[in-house]
Amino acid sequence: MLDARTAYSIQYWLESCPQGYLLHTEFGHERGAREPGFVLENPVVREEAIGTTVQLVVGERAALAASSGLINAAPDAASKAFLATQTLDEARHVEIFTQRLFDLGVKRDELESTIAHHANPHLVRFAEILLEKVDKKDFVAGVVGQNIVLEGLAFSTFEMMQAANRDTNPKFARTLSGTIADERRHVGFGENRIGSLLREQPGKKPEIERMQKDMAYHMLATLADRFRGQSAAMQEARRAIEEQASHGGPTPRSHVWHGTDLSKAEPREMEAVLAETVLKEFKTRLARIGLDYQSPERP
Amino acid sequence: MTLEAGELHERDHEGFLSEVHSFEFWFQSVEGYLHGHPHGVSPSTPFPELAPDRRAALVATLSTYCVGELTALEGASGMIGFAPNRATKIFLATQVADEARHLEVLLHRLAELGVEDAEAGFEARANRHLMAFRERLLAYVVEKDWLAALFAQNVILEAMEFAAFQTHLRTADARTAELLGGVLKDERRHIGFGENALGRHLASHPDDRRRLREVRQSLEPLVFATFEDAALQVGLPAAERPEIARLYLDSVARLGLGT
Amino acid sequence: MREPLLASADFDPAEDAGARDGAARSERRRFVLLDDTGFDEVPAKYRRFYRRWRGPGDVLAENEVLCPVCRVVIRSARELRPGDRVYCMPCMSRLEVVRGEAGRLEAIVRY
Ligand SMILES: [Fe+2]
Ligand SMILES: [Fe+2]
Ligand SMILES: [Fe+2]
Ligand SMILES: [Fe+2]
Ligand SMILES: [Zn+2]
């Protein structure tokens with residue numbers, strides 16, 4: 001068994017991440033891999049890919065700000081070391097998703113305006129709620145907000161996107177699988193470290209539960225905006241994939257994720273399965289650390 | 001973003017900076033010297049026998065280094081929040097991981113030297129001038145004062161560590177020397193980043209030199225007092241002591257912050 | 001540890017942005033950079049552009065210059081002359097080659 005000092009160490013991180021699953025990758029994917037033709041050449045699909053990737057950049061920027069900001073608030077050296085590795089993981093995520101925007105044809109001097117244009121306002125608010133806690137150096141609330149709520153959302157979203165892209169966009173799928181591997185460590189830290197701290201400070205629970213409720217609301221609103229707005233683009237992407245398959249490109253097999261076939265589902269079904277999965281995860285994780293999950297209003 | 005190696009010196013400055021401030025660059029750089037070196041030391045390096053007084057001096061010195069590294073870890077992480085752009089944030093994130101590694105390998109070495117619960121005690125054993133410096137630096141971070149924090153952390157503190165490690169390396173036992181050698185390789189990036197980022201800023205905001213001179217004057221007594229103590233501790237001959245501060249003084253002069 | 005010299009017939013210094021008046025008149029020597037100098041602080045593909053400074057007794061070749069910021073030796077595939085620009089990757093500096101007071105080539109930082 002790994003003890004906390006080993007598991008949260010830089011040494012452990014070096015061996016598992018840069019010297020492990022990231023070895024021989026470039027921006028998180030195989031060297032030289034490219035976005036597939038149906039994404040780059042079809043303007044509707046490309047625009048949709050840019051819109052989605054922008055949300056990932058926004059989420060990762062929030063995680064970078066939060067994990068670095070929490071280092072000074074952390075009560076012990078092992079937590080500081082872990083958050084240092086997480087800071088670097090999150091910086092890498094910002095970098096690889098930003099690089100994907102460039103790969104999708106966003107010009108360097110248009111990066112910030114593209115992000116501002118596509119960033120979902122609910123996702124921005126979601127991040128602000130978290131960063132308010134970080135700014136106050138509230139370690140327990142900050143870690144719950146970041147490593148359980150934000151990471152929980154990221155983790156399931158990445159998993160779903162990874163499944164949906166596995167056959168048709170191996171470059172993006174590979175990028176995602178590396179981030180999933182990172183996020184696994186982050187959610188694990190959140191649960192294990194905070195579980196014990198919360199037991200020492202039970203008085204903090206109501207405030208943290210309120211934060212979780214607010215964040216969950218904005219998360220659901222983000223998912224609703226994203227999925228409901230992209231129905232046409234999704235149909236177009238499927239058509240483009242089929243067309244490419246008929247010219248010898250990769251054929252998408254059905255990918256069932258939590259009971260839903262991602263290659264055929266309607267946007268509403270996808271929204272529902274993702275939202276349900278994330279909320280179910282929240283509930284079990286929060287319960288394990290002794291917090292009561294608060295249902296947000298449905299946007 | 002990736003440069004072709006064949007034309008390295010012919011690249012434009014912006015392309016060069018965007019490459020060296022990336023995770024990719026950091027990752028491939030540290031891979032070269034950290035692979036196969038758990039806790040910064042090759043497993044085959046022997047454990048030296050140290051005389052009691054030498055061991056005690058080494059424990060005190062390494063404890064001071066721990067405070068320096070803890071300060072750098074807290075400083076660099078705090079600065080990400082108000083760093084001016086993405087490349088800078090990503091660079092600082094790599095520095096955060098480097099500093100955390102430094103703290104970790106030093107604590108590990110202290111444990112090898114038989115210090116029980118090295119983590120709990122290092123602040124008490126550390127140099128008091130450095131503790132005072134730490135407080136000042138972290139105050140700049142809390143105030144989100146980018147220029148002062150960058151100068152204090154990546155120019156002053158880094159130069160101080162660089163010089164101290166480089167000097168110590170010459171007289172250290174094999175395991176300590178190897179560990180410090182790896183740390184120095186990381187510090188080279190930090191020190192270069194600090195000087196260059198400040199230099200670029202000062203080129204377009206020459207008036208900010210006045211403020212940085214004030215920062216320099218207020219921190220310098222602490223820096224020199226720390227240098228002085230460190231030189232005594234590692235047993236550096238008096239004639240070589242001015243050398244130890246030279247790296248820092250050169251850097252300050254290049255930035256136009258000399259007196 | 002001087003690299004074997006290779007005079008290159010097809011190298012035109014006039015095409016070189018870093019060259020300045022007088023310096024451009026004569027042909028420059030080309031150098032073959034061996035892949036491994038034992039310098040392990042930059043990504044593998046760039047290692048041949050750097051080597052460690054071995055202290056006061058060390059001698060710089062005509063294609064080498066010392067980084068004043070981090071004291072690593074920077075190497076180029078051609079002979080260096082005043083006005084040339086080189087990059088120090090280990091400390092991330094842009095440098096310009098100048099003739100120092102002692103007549104030796106030195107590098108200064110161009111932030
Ligand atoms: Fe992330
Ligand atoms: Fe994360
Ligand atoms: Fe350090
Ligand atoms: Fe450093
Ligand atoms: Zn240098």
# chains A, B, ... in the order shown; residues from 1 in each chain; ligands from 1

call {"tool": "residues_around", "arguments": {"residues": "C:Asp40", "least_positions_apart": "2", "cutoff": "7 Å", "atoms": "only C-alpha atoms", "output": "PyMOL selection string"}}
result
(chain B and resi 32-33) or (chain C and resi 38+42+47)

call {"tool": "write_last_selection", "arguments": {"atoms": "all heavy atoms", "output": "PDB file, in the first residue's frame"}}
result
ATOM      1  N   GLY B  32      15.820  14.075 -19.223  1.00  0.00           N
ATOM      2  CA  GLY B  32      17.223  13.771 -19.462  1.00  0.00           C
ATOM      3  C   GLY B  32      18.008  13.517 -18.186  1.00  0.00           C
ATOM      4  O   GLY B  32      18.897  12.686 -18.161  1.00  0.00           O
ATOM      5  N   TYR B  33      17.707  14.230 -17.119  1.00  0.00           N
ATOM      6  CA  TYR B  33      18.534  14.057 -15.931  1.00  0.00           C
ATOM      7  C   TYR B  33      17.810  13.478 -14.732  1.00  0.00           C
ATOM      8  O   TYR B  33      18.438  13.186 -13.723  1.00  0.00           O
ATOM      9  CB  TYR B  33      19.258  15.355 -15.560  1.00  0.00           C
ATOM     10  CG  TYR B  33      18.395  16.593 -15.376  1.00  0.00           C
ATOM     11  CD1 TYR B  33      17.891  16.943 -14.134  1.00  0.00           C
ATOM     12  CD2 TYR B  33      18.123  17.427 -16.452  1.00  0.00           C
ATOM     13  CE1 TYR B  33      17.128  18.094 -13.973  1.00  0.00           C
ATOM     14  CE2 TYR B  33      17.364  18.570 -16.296  1.00  0.00           C
ATOM     15  CZ  TYR B  33      16.870  18.899 -15.055  1.00  0.00           C
ATOM     16  OH  TYR B  33      16.125  20.031 -14.894  1.00  0.00           O
TER      17      TYR B  33
ATOM     18  N   GLY C  38      26.937  15.291 -23.792  1.00  0.00           N
ATOM     19  CA  GLY C  38      26.752  14.950 -22.389  1.00  0.00           C
ATOM     20  C   GLY C  38      25.918  15.992 -21.658  1.00  0.00           C
ATOM     21  O   GLY C  38      25.719  15.901 -20.456  1.00  0.00           O
ATOM     22  N   VAL C  42      18.417  19.915 -21.758  1.00  0.00           N
ATOM     23  CA  VAL C  42      17.435  20.371 -22.738  1.00  0.00           C
ATOM     24  C   VAL C  42      16.929  19.140 -23.485  1.00  0.00           C
ATOM     25  O   VAL C  42      17.555  18.087 -23.424  1.00  0.00           O
ATOM     26  CB  VAL C  42      18.039  21.399 -23.735  1.00  0.00           C
ATOM     27  CG1 VAL C  42      18.387  22.698 -23.035  1.00  0.00           C
ATOM     28  CG2 VAL C  42      19.267  20.837 -24.428  1.00  0.00           C
ATOM     29  N   ARG C  47      20.406  18.942 -27.661  1.00  0.00           N
ATOM     30  CA  ARG C  47      21.568  18.807 -26.772  1.00  0.00           C
ATOM     31  C   ARG C  47      22.873  19.203 -27.432  1.00  0.00           C
ATOM     32  O   ARG C  47      23.782  19.717 -26.790  1.00  0.00           O
ATOM     33  CB  ARG C  47      21.665  17.376 -26.243  1.00  0.00           C
ATOM     34  CG  ARG C  47      20.617  17.158 -25.202  1.00  0.00           C
ATOM     35  CD  ARG C  47      20.699  15.818 -24.556  1.00  0.00           C
ATOM     36  NE  ARG C  47      19.468  15.636 -23.788  1.00  0.00           N
ATOM     37  CZ  ARG C  47      18.942  14.482 -23.459  1.00  0.00           C
ATOM     38  NH1 ARG C  47      19.547  13.362 -23.832  1.00  0.00           N
ATOM     39  NH2 ARG C  47      17.829  14.429 -22.780  1.00  0.00           N
TER      40      ARG C  47
END

call {"tool": "interface_residues", "arguments": {"of": "chain A", "to": "chain B", "cutoff": "8 Å", "atoms": "only C-alpha atoms", "output": "PyMOL selection string"}}
result
chain A and resi 9-11+18-19+26-27+65+68-69+71-72+77+80-81+84-85+87-88+91-92+95

call {"tool": "interface_residues", "arguments": {"of": "chain C", "to": "chain B", "cutoff": "6 Å", "atoms": "only C-alpha atoms", "output": "list in words"}}
result
Asp40, Glu41, Val42, Pro43, Tyr46, Val86, Tyr87, Pro90, Cys91, Met92 and Tyr111 of chain C

call {"tool": "residues_around", "arguments": {"residues": "A:Asp214", "least_positions_apart": "6", "cutoff": "12 Å", "atoms": "only C-alpha atoms", "output": "list in words"}}
result
His122, Leu123, Arg125, Phe126, Ala127, Glu128, Ile129, Leu130, Gly145, Val149, Glu207, Ile208, Leu220, Ala221, Tyr293, Gln294, Ser295, Pro296, Glu297, Arg298 and Pro299 of chain A

call {"tool": "residues_around", "arguments": {"residues": "A:Glu183", "least_positions_apart": "2", "cutoff": "12 Å", "atoms": "only C-alpha atoms", "output": "short mmCIF file (atom, residue, chain, number, x, y, z; two decimals) with N, CA and C atoms, in the first residue's frame"}}
result
data_model
loop_
_atom_site.label_atom_id
_atom_site.label_comp_id
_atom_site.auth_asym_id
_atom_site.auth_seq_id
_atom_site.Cartn_x
_atom_site.Cartn_y
_atom_site.Cartn_z
N CYS A 17 3.59 9.60 -14.49
CA CYS A 17 3.07 10.46 -15.56
C CYS A 17 4.09 10.76 -16.65
N GLU A 60 -10.01 24.10 -17.55
CA GLU A 60 -8.63 23.82 -17.14
C GLU A 60 -7.94 25.07 -16.61
N ALA A 63 -8.96 25.26 -13.13
CA ALA A 63 -8.26 24.26 -12.32
C ALA A 63 -6.83 24.69 -12.05
N THR A 85 2.15 18.98 -8.19
CA THR A 85 2.03 18.12 -9.38
C THR A 85 0.71 18.40 -10.09
N GLN A 86 -0.32 18.65 -9.31
CA GLN A 86 -1.61 18.93 -9.96
C GLN A 86 -1.54 20.25 -10.73
N THR A 87 -0.85 21.23 -10.16
CA THR A 87 -0.69 22.51 -10.85
C THR A 87 -0.08 22.27 -12.23
N ASP A 89 -0.02 19.41 -13.89
CA ASP A 89 -0.98 18.67 -14.73
C ASP A 89 -1.97 19.64 -15.38
N GLU A 90 -2.50 20.56 -14.56
CA GLU A 90 -3.53 21.46 -15.09
C GLU A 90 -2.92 22.41 -16.13
N ARG A 92 -0.56 21.65 -18.07
CA ARG A 92 -0.43 20.83 -19.27
C ARG A 92 -1.79 20.73 -19.97
N HIS A 93 -2.85 20.57 -19.20
CA HIS A 93 -4.17 20.48 -19.83
C HIS A 93 -4.52 21.78 -20.56
N GLN A 146 -12.78 22.12 -6.13
CA GLN A 146 -11.91 21.77 -7.25
C GLN A 146 -11.83 20.26 -7.47
N ASN A 147 -11.39 19.53 -6.46
CA ASN A 147 -11.04 18.14 -6.69
C ASN A 147 -12.23 17.20 -6.66
N ILE A 148 -13.36 17.68 -6.18
CA ILE A 148 -14.53 16.81 -6.24
C ILE A 148 -15.53 17.32 -7.26
N VAL A 149 -15.90 18.61 -7.16
CA VAL A 149 -16.94 19.11 -8.07
C VAL A 149 -16.38 19.35 -9.48
N LEU A 150 -15.39 20.25 -9.58
CA LEU A 150 -14.83 20.54 -10.91
C LEU A 150 -14.23 19.29 -11.56
N GLU A 151 -13.45 18.55 -10.79
CA GLU A 151 -12.80 17.36 -11.35
C GLU A 151 -13.83 16.29 -11.69
N GLY A 152 -14.84 16.17 -10.85
CA GLY A 152 -15.87 15.17 -11.12
C GLY A 152 -16.53 15.46 -12.46
N LEU A 153 -16.82 16.73 -12.69
CA LEU A 153 -17.41 17.12 -13.97
C LEU A 153 -16.44 16.82 -15.11
N ALA A 154 -15.19 17.25 -14.93
CA ALA A 154 -14.21 17.05 -16.00
C ALA A 154 -14.02 15.57 -16.28
N PHE A 155 -13.91 14.80 -15.23
CA PHE A 155 -13.63 13.38 -15.37
C PHE A 155 -14.69 12.69 -16.24
N SER A 156 -15.96 12.86 -15.90
CA SER A 156 -17.02 12.19 -16.68
C SER A 156 -17.12 12.75 -18.09
N THR A 157 -16.97 14.07 -18.21
CA THR A 157 -17.05 14.67 -19.54
C THR A 157 -15.95 14.12 -20.44
N PHE A 158 -14.73 14.06 -19.91
CA PHE A 158 -13.62 13.54 -20.70
C PHE A 158 -13.86 12.08 -21.07
N GLU A 159 -14.37 11.33 -20.13
CA GLU A 159 -14.63 9.92 -20.39
C GLU A 159 -15.62 9.74 -21.53
N LEU A 176 -7.32 12.98 -24.62
CA LEU A 176 -8.25 12.87 -23.50
C LEU A 176 -7.86 11.76 -22.53
N SER A 177 -7.35 10.65 -23.06
CA SER A 177 -7.08 9.56 -22.13
C SER A 177 -5.94 9.93 -21.18
N GLY A 178 -4.98 10.74 -21.64
CA GLY A 178 -3.92 11.21 -20.74
C GLY A 178 -4.47 12.13 -19.66
N THR A 179 -5.43 12.98 -20.05
CA THR A 179 -5.99 13.88 -19.03
C THR A 179 -6.84 13.09 -18.04
N ILE A 180 -7.52 12.07 -18.53
CA ILE A 180 -8.32 11.24 -17.61
C ILE A 180 -7.41 10.59 -16.57
N ALA A 181 -6.27 10.12 -17.05
CA ALA A 181 -5.32 9.49 -16.11
C ALA A 181 -4.88 10.49 -15.04
N ARG A 185 -5.94 10.91 -10.44
CA ARG A 185 -5.17 11.23 -9.23
C ARG A 185 -5.82 12.39 -8.47
N HIS A 186 -6.32 13.37 -9.27
CA HIS A 186 -6.85 14.57 -8.61
C HIS A 186 -8.12 14.25 -7.80
N VAL A 187 -9.02 13.49 -8.39
CA VAL A 187 -10.24 13.18 -7.62
C VAL A 187 -9.88 12.32 -6.41
N GLY A 188 -8.92 11.45 -6.58
CA GLY A 188 -8.51 10.60 -5.46
C GLY A 188 -7.97 11.43 -4.30
N PHE A 189 -7.15 12.42 -4.62
CA PHE A 189 -6.61 13.29 -3.58
C PHE A 189 -7.74 14.01 -2.86
N GLY A 190 -8.68 14.54 -3.65
CA GLY A 190 -9.79 15.30 -3.07
C GLY A 190 -10.50 14.47 -2.01
#

call {"tool": "residues_around", "arguments": {"residues": "B:Ala56", "least_positions_apart": "3", "cutoff": "12 Å", "atoms": "only C-alpha atoms", "output": "NGL selection string"}}
result
:B and (50-53 or 59-63 or 110 or 113-115 or 125 or 233-234)
